[in-house]
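Asks: You'll find start_3.cif just under this line, and it carries mmCIF, C-alpha atoms.
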```cif
data_query
#
loop_
_atom_site.label_atom_id
_atom_site.label_comp_id
_atom_site.auth_asym_id
_atom_site.auth_seq_id
_atom_site.Cartn_x
_atom_site.Cartn_y
_atom_site.Cartn_z
CA MET A 264 -0.78 -22.22 -12.11
CA SER A 265 -3.86 -20.08 -11.72
CA PRO A 266 -3.82 -16.47 -12.92
CA PHE A 267 -3.20 -13.60 -10.53
CA GLU A 268 -6.27 -12.32 -8.72
CA LEU A 269 -6.34 -9.66 -6.02
CA ASP A 270 -7.59 -10.99 -2.69
CA PRO A 271 -11.22 -9.82 -2.27
CA ARG A 272 -10.46 -8.27 1.14
CA LEU A 273 -7.73 -6.10 -0.37
CA ALA A 274 -10.01 -5.21 -3.27
CA ASN A 275 -12.72 -4.19 -0.82
CA ASP A 276 -10.48 -2.06 1.43
CA THR A 277 -8.41 -0.29 -1.24
CA ARG A 278 -8.69 1.68 -4.46
CA PRO A 279 -6.35 1.13 -7.42
CA VAL A 280 -3.74 3.79 -8.08
CA MET A 281 -1.55 2.32 -10.84
CA SER A 282 0.55 -0.63 -11.87
CA LEU A 283 4.32 -0.59 -11.61
CA ALA A 284 6.61 -3.16 -13.23
CA LEU A 285 6.03 -5.78 -10.50
CA CYS A 286 3.27 -4.51 -8.23
CA ASP A 287 -0.16 -3.01 -8.31
CA VAL A 288 -0.22 0.08 -6.10
CA LEU A 289 -3.40 0.43 -4.08
CA LEU A 290 -4.58 3.22 -1.79
CA MET A 291 -6.11 2.08 1.48
CA ASN A 292 -9.55 3.71 1.58
CA ASP A 293 -8.96 5.27 5.00
CA ALA A 294 -8.35 9.01 4.95
CA ARG A 295 -6.94 8.92 8.50
CA PHE A 296 -3.59 7.67 7.22
CA PRO A 297 -1.45 8.10 4.08
CA TRP A 298 -1.43 4.38 3.31
CA LEU A 299 -0.46 2.46 0.20
CA VAL A 300 -0.47 -1.29 -0.37
CA LEU A 301 1.78 -2.89 -2.99
CA VAL A 302 0.79 -6.29 -4.35
CA PRO A 303 3.09 -8.22 -6.70
CA ARG A 304 1.01 -9.45 -9.66
CA GLN A 305 1.99 -13.10 -9.35
CA ALA A 306 -0.36 -15.86 -8.25
CA GLY A 307 0.31 -17.94 -5.17
CA LEU A 308 2.77 -15.65 -3.37
CA VAL A 309 2.57 -15.55 0.41
CA GLU A 310 6.03 -14.48 1.61
CA ILE A 311 8.62 -12.09 0.20
CA CYS A 312 11.03 -15.04 0.07
CA ASP A 313 8.61 -16.72 -2.39
CA LEU A 314 9.86 -14.22 -4.99
CA PRO A 315 13.11 -14.90 -6.85
CA PRO A 316 15.98 -12.61 -5.77
CA GLU A 317 15.58 -10.26 -8.78
CA ALA A 318 11.89 -9.80 -8.02
CA GLN A 319 12.65 -9.24 -4.32
CA ALA A 320 14.97 -6.40 -5.33
CA ALA A 321 12.29 -5.01 -7.64
CA LEU A 322 9.74 -5.18 -4.83
CA TRP A 323 11.95 -3.11 -2.52
CA ARG A 324 12.63 -0.58 -5.28
CA GLU A 325 8.87 -0.19 -5.74
CA VAL A 326 8.27 0.04 -1.97
CA ASN A 327 10.90 2.80 -1.84
CA LEU A 328 9.23 4.59 -4.78
CA ALA A 329 5.87 4.39 -3.01
CA ALA A 330 7.38 5.75 0.21
CA GLN A 331 8.96 8.65 -1.64
CA ALA A 332 5.67 9.40 -3.41
CA LEU A 333 3.80 9.48 -0.09
CA ARG A 334 6.46 11.68 1.48
CA SER A 335 6.27 14.15 -1.40
CA LEU A 336 2.51 14.56 -0.87
CA VAL A 337 1.98 14.31 2.89
CA PRO A 338 4.32 15.17 5.74
CA PHE A 339 4.79 12.38 8.26
CA ASP A 340 7.04 11.63 11.20
CA LYS A 341 7.66 7.91 10.66
CA LEU A 342 7.33 5.48 7.79
CA ASN A 343 5.83 2.08 8.68
CA LEU A 344 6.38 -0.87 6.33
CA GLY A 345 4.75 -4.22 6.85
CA ALA A 346 4.16 -7.53 5.11
CA LEU A 347 2.18 -9.30 7.82
CA GLY A 348 -0.22 -11.58 5.99
CA ASN A 349 -1.86 -12.97 9.11
CA ILE A 350 -5.35 -12.19 7.81
CA VAL A 351 -4.79 -11.73 4.06
CA ARG A 352 -2.27 -14.38 3.03
CA GLN A 353 -1.65 -12.95 -0.44
CA LEU A 354 1.74 -11.23 -0.47
CA HIS A 355 1.28 -7.49 -0.03
CA VAL A 356 3.36 -4.73 1.54
CA HIS A 357 1.86 -1.86 3.50
CA VAL A 358 3.55 1.55 3.17
CA VAL A 359 2.11 3.88 5.80
CA GLY A 360 3.09 7.42 6.72
CA ARG A 361 2.55 8.00 10.45
CA ARG A 362 2.20 11.24 12.35
CA GLU A 363 2.60 11.61 16.09
CA GLY A 364 -0.91 11.92 17.47
CA ASP A 365 -2.64 10.27 14.48
CA ALA A 366 -5.70 8.10 15.13
CA ALA A 367 -3.60 5.02 16.00
CA TRP A 368 -0.39 6.59 17.35
CA PRO A 369 1.82 5.04 18.61
CA GLY A 370 0.21 1.66 17.96
CA PRO A 371 -0.21 -0.08 14.61
CA VAL A 372 -2.78 1.14 12.07
CA TRP A 373 -4.09 -2.38 11.45
CA GLY A 374 -7.38 -2.86 13.22
CA SER A 375 -7.28 0.57 14.84
CA GLY A 376 -10.74 2.09 14.99
CA ARG A 377 -13.10 2.40 12.08
CA ALA A 378 -11.85 3.45 8.64
CA ASP A 379 -12.78 6.94 7.43
CA PRO A 380 -13.34 6.42 3.68
CA TYR A 381 -12.29 9.15 1.28
CA GLY A 382 -15.04 11.22 -0.30
CA GLU A 383 -15.33 10.84 -4.06
CA ASP A 384 -13.57 14.13 -4.91
CA ALA A 385 -10.83 13.67 -2.31
CA LEU A 386 -10.21 10.11 -3.52
CA ALA A 387 -9.86 11.22 -7.14
CA SER A 388 -7.50 14.04 -6.11
CA VAL A 389 -5.27 11.81 -3.97
CA ILE A 390 -5.05 9.15 -6.67
CA GLU A 391 -4.17 11.73 -9.33
CA LYS A 392 -1.41 13.18 -7.13
CA LEU A 393 -0.07 9.73 -6.29
CA ARG A 394 0.06 8.75 -9.97
CA ALA A 395 2.01 11.89 -10.78
CA ALA A 396 4.41 11.30 -7.88
CA LEU A 397 4.93 7.63 -8.76
CA ALA A 398 5.59 8.46 -12.42
CA ARG A 399 8.53 10.77 -11.63
#
```
Would you mind writing the file out in structure tokens?

Replies:
Amino acid sequence: MSPFELDPRLANDTRPVMSLALCDVLLMNDARFPWLVLVPRQAGLVEICDLPPEAQAALWREVNLAAQALRSLVPFDKLNLGALGNIVRQLHVHVVGRREGDAAWPGPVWGSGRADPYGEDALASVIEKLRAALAR
């Protein structure tokens, strides 16, 4: 089996935050939304059901941790979770905090408008805060 490699589209659209036991946690480089992407570090995964049951449970624990970290940093009205994979087949789970009236509300964030990349200082600050929140 080939080694794990992050899909180039995910690598292009996100910035690394940290690695958890199963997943790499990535920040979507779009300041319009508090948006994390979790990617299990196993090659060849497409669907959540491709993971063994123990790893599926670990994935959901890490998704929950990511959601709690986002919630501790940014207020939001609704949490959106998604593992679509229609464009990027590599298994990844989106964890997005949504606010009524945000740039895509009430529709999905995927493909909504043009991304507003973080500035260098803002990106460093958000990543530092996320790391602290995820390490709790």

Asks: Counting all atoms listed in the file, which residues of stretch 338-387 of chain A fall within 12 Å of stretch 328-334 of chain A, and what is the closest atom pair for each with its distance in Å at one decimal, ordered by chain and rising number, as JSON lines?

Replies:
```
{"residue": "A:Pro338", "atom": "CA", "partner": "A:Arg334", "partner_atom": "CA", "distance": 5.9}
{"residue": "A:Phe339", "atom": "CA", "partner": "A:Arg334", "partner_atom": "CA", "distance": 7.0}
{"residue": "A:Asp340", "atom": "CA", "partner": "A:Arg334", "partner_atom": "CA", "distance": 9.7}
{"residue": "A:Lys341", "atom": "CA", "partner": "A:Arg334", "partner_atom": "CA", "distance": 10.0}
{"residue": "A:Leu342", "atom": "CA", "partner": "A:Ala330", "partner_atom": "CA", "distance": 7.6}
{"residue": "A:Asn343", "atom": "CA", "partner": "A:Ala330", "partner_atom": "CA", "distance": 9.4}
{"residue": "A:Leu344", "atom": "CA", "partner": "A:Ala330", "partner_atom": "CA", "distance": 9.1}
{"residue": "A:Val356", "atom": "CA", "partner": "A:Ala329", "partner_atom": "CA", "distance": 10.5}
{"residue": "A:His357", "atom": "CA", "partner": "A:Ala329", "partner_atom": "CA", "distance": 9.9}
{"residue": "A:Val358", "atom": "CA", "partner": "A:Ala330", "partner_atom": "CA", "distance": 6.4}
{"residue": "A:Val359", "atom": "CA", "partner": "A:Ala330", "partner_atom": "CA", "distance": 7.9}
{"residue": "A:Gly360", "atom": "CA", "partner": "A:Leu333", "partner_atom": "CA", "distance": 7.2}
{"residue": "A:Arg361", "atom": "CA", "partner": "A:Arg334", "partner_atom": "CA", "distance": 10.5}
{"residue": "A:Arg362", "atom": "CA", "partner": "A:Arg334", "partner_atom": "CA", "distance": 11.7}
```

Asks: Using all atoms listed in the file for the distances, tell me which of A:Asp313, A:Asp379, A:Asp365, A:Asp276 is nearest to A:Leu289.

Replies: A:Asp276

Asks: Could you work out how far atom CA of A:Leu285 lies from atom CA of A:Leu322, giving the answer in Å with one decimal?

Replies: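 Rounded to one decimal, the two atoms are 6.8 Å apart.
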
Asks: I'd like to see the residues matched by the PyMOL selection byres ((chain A and resi 288) around 8) on this file, and ideally I'd get them as a count of residues only.

Replies: 13

Asks: What's the separation between atom CA of A:Ala346 and atom CA of A:Arg399, in Å to one decimal place?

Replies: 25.2 Å

Asks: Of the candidates A:Ser375, A:Gln305, A:Ser335, A:Asn275, which shows the shortest atom-to-atom distance to A:Val351, using only C-alpha atoms?

Replies: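 Checking each candidate against A:Val351, we get A:Asn275 as the closest.
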
Asks: Contacts of stretch 382-386 of chain A at 9 Å or less, counting only C-alpha atoms, minus same-chain residues fewer than 2 places along, as a short mmCIF file (atom, residue, chain, number, x, y, z; two decimals) with C-alpha atoms, in the coordinates of the input?

Replies:
```cif
data_model
loop_
_atom_site.label_atom_id
_atom_site.label_comp_id
_atom_site.auth_asym_id
_atom_site.auth_seq_id
_atom_site.Cartn_x
_atom_site.Cartn_y
_atom_site.Cartn_z
CA ARG A 278 -8.69 1.68 -4.46
CA ASN A 292 -9.55 3.71 1.58
CA ALA A 294 -8.35 9.01 4.95
CA PRO A 380 -13.34 6.42 3.68
CA SER A 388 -7.50 14.04 -6.11
CA VAL A 389 -5.27 11.81 -3.97
CA ILE A 390 -5.05 9.15 -6.67
CA GLU A 391 -4.17 11.73 -9.33
#
```

Asks: Please write as a PyMOL selection string the full residue list that the PyMOL selection byres ((chain A and resi 265) around 9) yields on this file.

Replies: chain A and resi 264+266-268+306-307

Asks: Store the residues picked out above, limited to C-alpha atoms, as a PDB file, in the frame of the given file.

Replies:
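New file again_34.pdb:
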```pdb
ATOM      1  CA  MET A 264      -0.780 -22.220 -12.110  1.00  0.00           C
ATOM      2  CA  PRO A 266      -3.820 -16.470 -12.920  1.00  0.00           C
ATOM      3  CA  PHE A 267      -3.200 -13.600 -10.530  1.00  0.00           C
ATOM      4  CA  GLU A 268      -6.270 -12.320  -8.720  1.00  0.00           C
ATOM      5  CA  ALA A 306      -0.360 -15.860  -8.250  1.00  0.00           C
ATOM      6  CA  GLY A 307       0.310 -17.940  -5.170  1.00  0.00           C
TER       7      GLY A 307
END
```

Asks: Can you list, as a CSV table (one decimal) with C-alpha atoms, in the frame of the given file, every protein, DNA or RNA residue that comes within 12 Å of A:Arg272 when you count all atoms listed in the file, leaving out same-chain residues fewer than 5 positions away?

Replies:
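Final output, part-v3.csv:
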```csv
chain,number,residue,atom,x,y,z
A,277,THR,CA,-8.4,-0.3,-1.2
A,278,ARG,CA,-8.7,1.7,-4.5
A,291,MET,CA,-6.1,2.1,1.5
A,348,GLY,CA,-0.2,-11.6,6.0
A,350,ILE,CA,-5.4,-12.2,7.8
A,351,VAL,CA,-4.8,-11.7,4.1
A,352,ARG,CA,-2.3,-14.4,3.0
A,353,GLN,CA,-1.6,-13.0,-0.4
A,355,HIS,CA,1.3,-7.5,0.0
```

Asks: Could you write out as lines of an AutoDock Vina configuration file the box around stretch 368-372 of chain A (axis-aligned, all atoms listed in the file, 3 Å on each side), with centre and edge lengths in Å to one decimal?

Replies:
```
center_x = -0.5
center_y = 3.3
center_z = 15.3
size_x = 10.6
size_y = 12.7
size_z = 12.5
```

Asks: Have a look at A:Ala367, A:Val372, A:Ala395, A:Leu347 and name the one nearest to A:Val309; count all atoms listed in the file.

Replies: A:Leu347

Asks: Looking at A:Ala378, A:Leu354, A:Leu336, A:Val326, which one is nearest to A:Leu393, with distances taken over all atoms listed in the file?

Replies: A:Leu336

Asks: Calculate how many Å separate atom CA of A:Leu308 from atom CA of A:Arg295, rounding to one decimal.

Replies: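 Atom CA of A:Leu308 sits 29.0 Å away from atom CA of A:Arg295.
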
Asks: Counting only C-alpha atoms, which of A:Trp323, A:Leu269, A:Phe296, A:Ala284 gets nearest to A:Tyr381?

Replies: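 Using only C-alpha atoms, A:Tyr381 sits closest to A:Phe296.
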
Asks: Pull C-alpha atoms for stretch 349-381 of chain A from the block and write them as a compact mmCIF listing (two decimals), in the first residue's frame.

Replies:
```txt
# COMPACT_ATOMS: atom_id res chain seq x y z
CA ASN A 349 -17.53 14.46 -4.55
CA ILE A 350 -14.56 16.55 -5.70
CA VAL A 351 -11.77 15.43 -3.35
CA ARG A 352 -12.17 11.67 -2.93
CA GLN A 353 -9.69 11.36 -0.07
CA LEU A 354 -11.61 10.86 3.17
CA HIS A 355 -11.89 14.16 5.02
CA VAL A 356 -14.48 15.67 7.34
CA HIS A 357 -15.43 19.34 7.29
CA VAL A 358 -16.24 20.98 10.65
CA VAL A 359 -17.75 24.41 9.99
CA GLY A 360 -19.22 26.93 12.40
CA ARG A 361 -22.06 28.84 10.73
CA ARG A 362 -23.60 32.15 11.66
CA GLU A 363 -26.96 33.40 10.45
CA GLY A 364 -26.19 35.97 7.78
CA ASP A 365 -22.67 34.68 7.01
CA ALA A 366 -21.43 34.85 3.42
CA ALA A 367 -23.16 31.59 2.44
CA TRP A 368 -26.13 31.49 4.84
CA PRO A 369 -28.33 29.48 4.71
CA GLY A 370 -26.73 27.52 1.87
CA PRO A 371 -23.63 25.34 2.04
CA VAL A 372 -20.16 26.89 2.33
CA TRP A 373 -18.75 24.66 -0.43
CA GLY A 374 -18.40 26.62 -3.62
CA SER A 375 -19.96 29.75 -2.15
CA GLY A 376 -18.26 32.86 -3.47
CA ARG A 377 -14.54 33.46 -3.45
CA ALA A 378 -12.41 32.52 -0.43
CA ASP A 379 -11.06 35.37 1.70
CA PRO A 380 -7.60 34.09 2.72
CA TYR A 381 -6.30 34.90 6.19
```
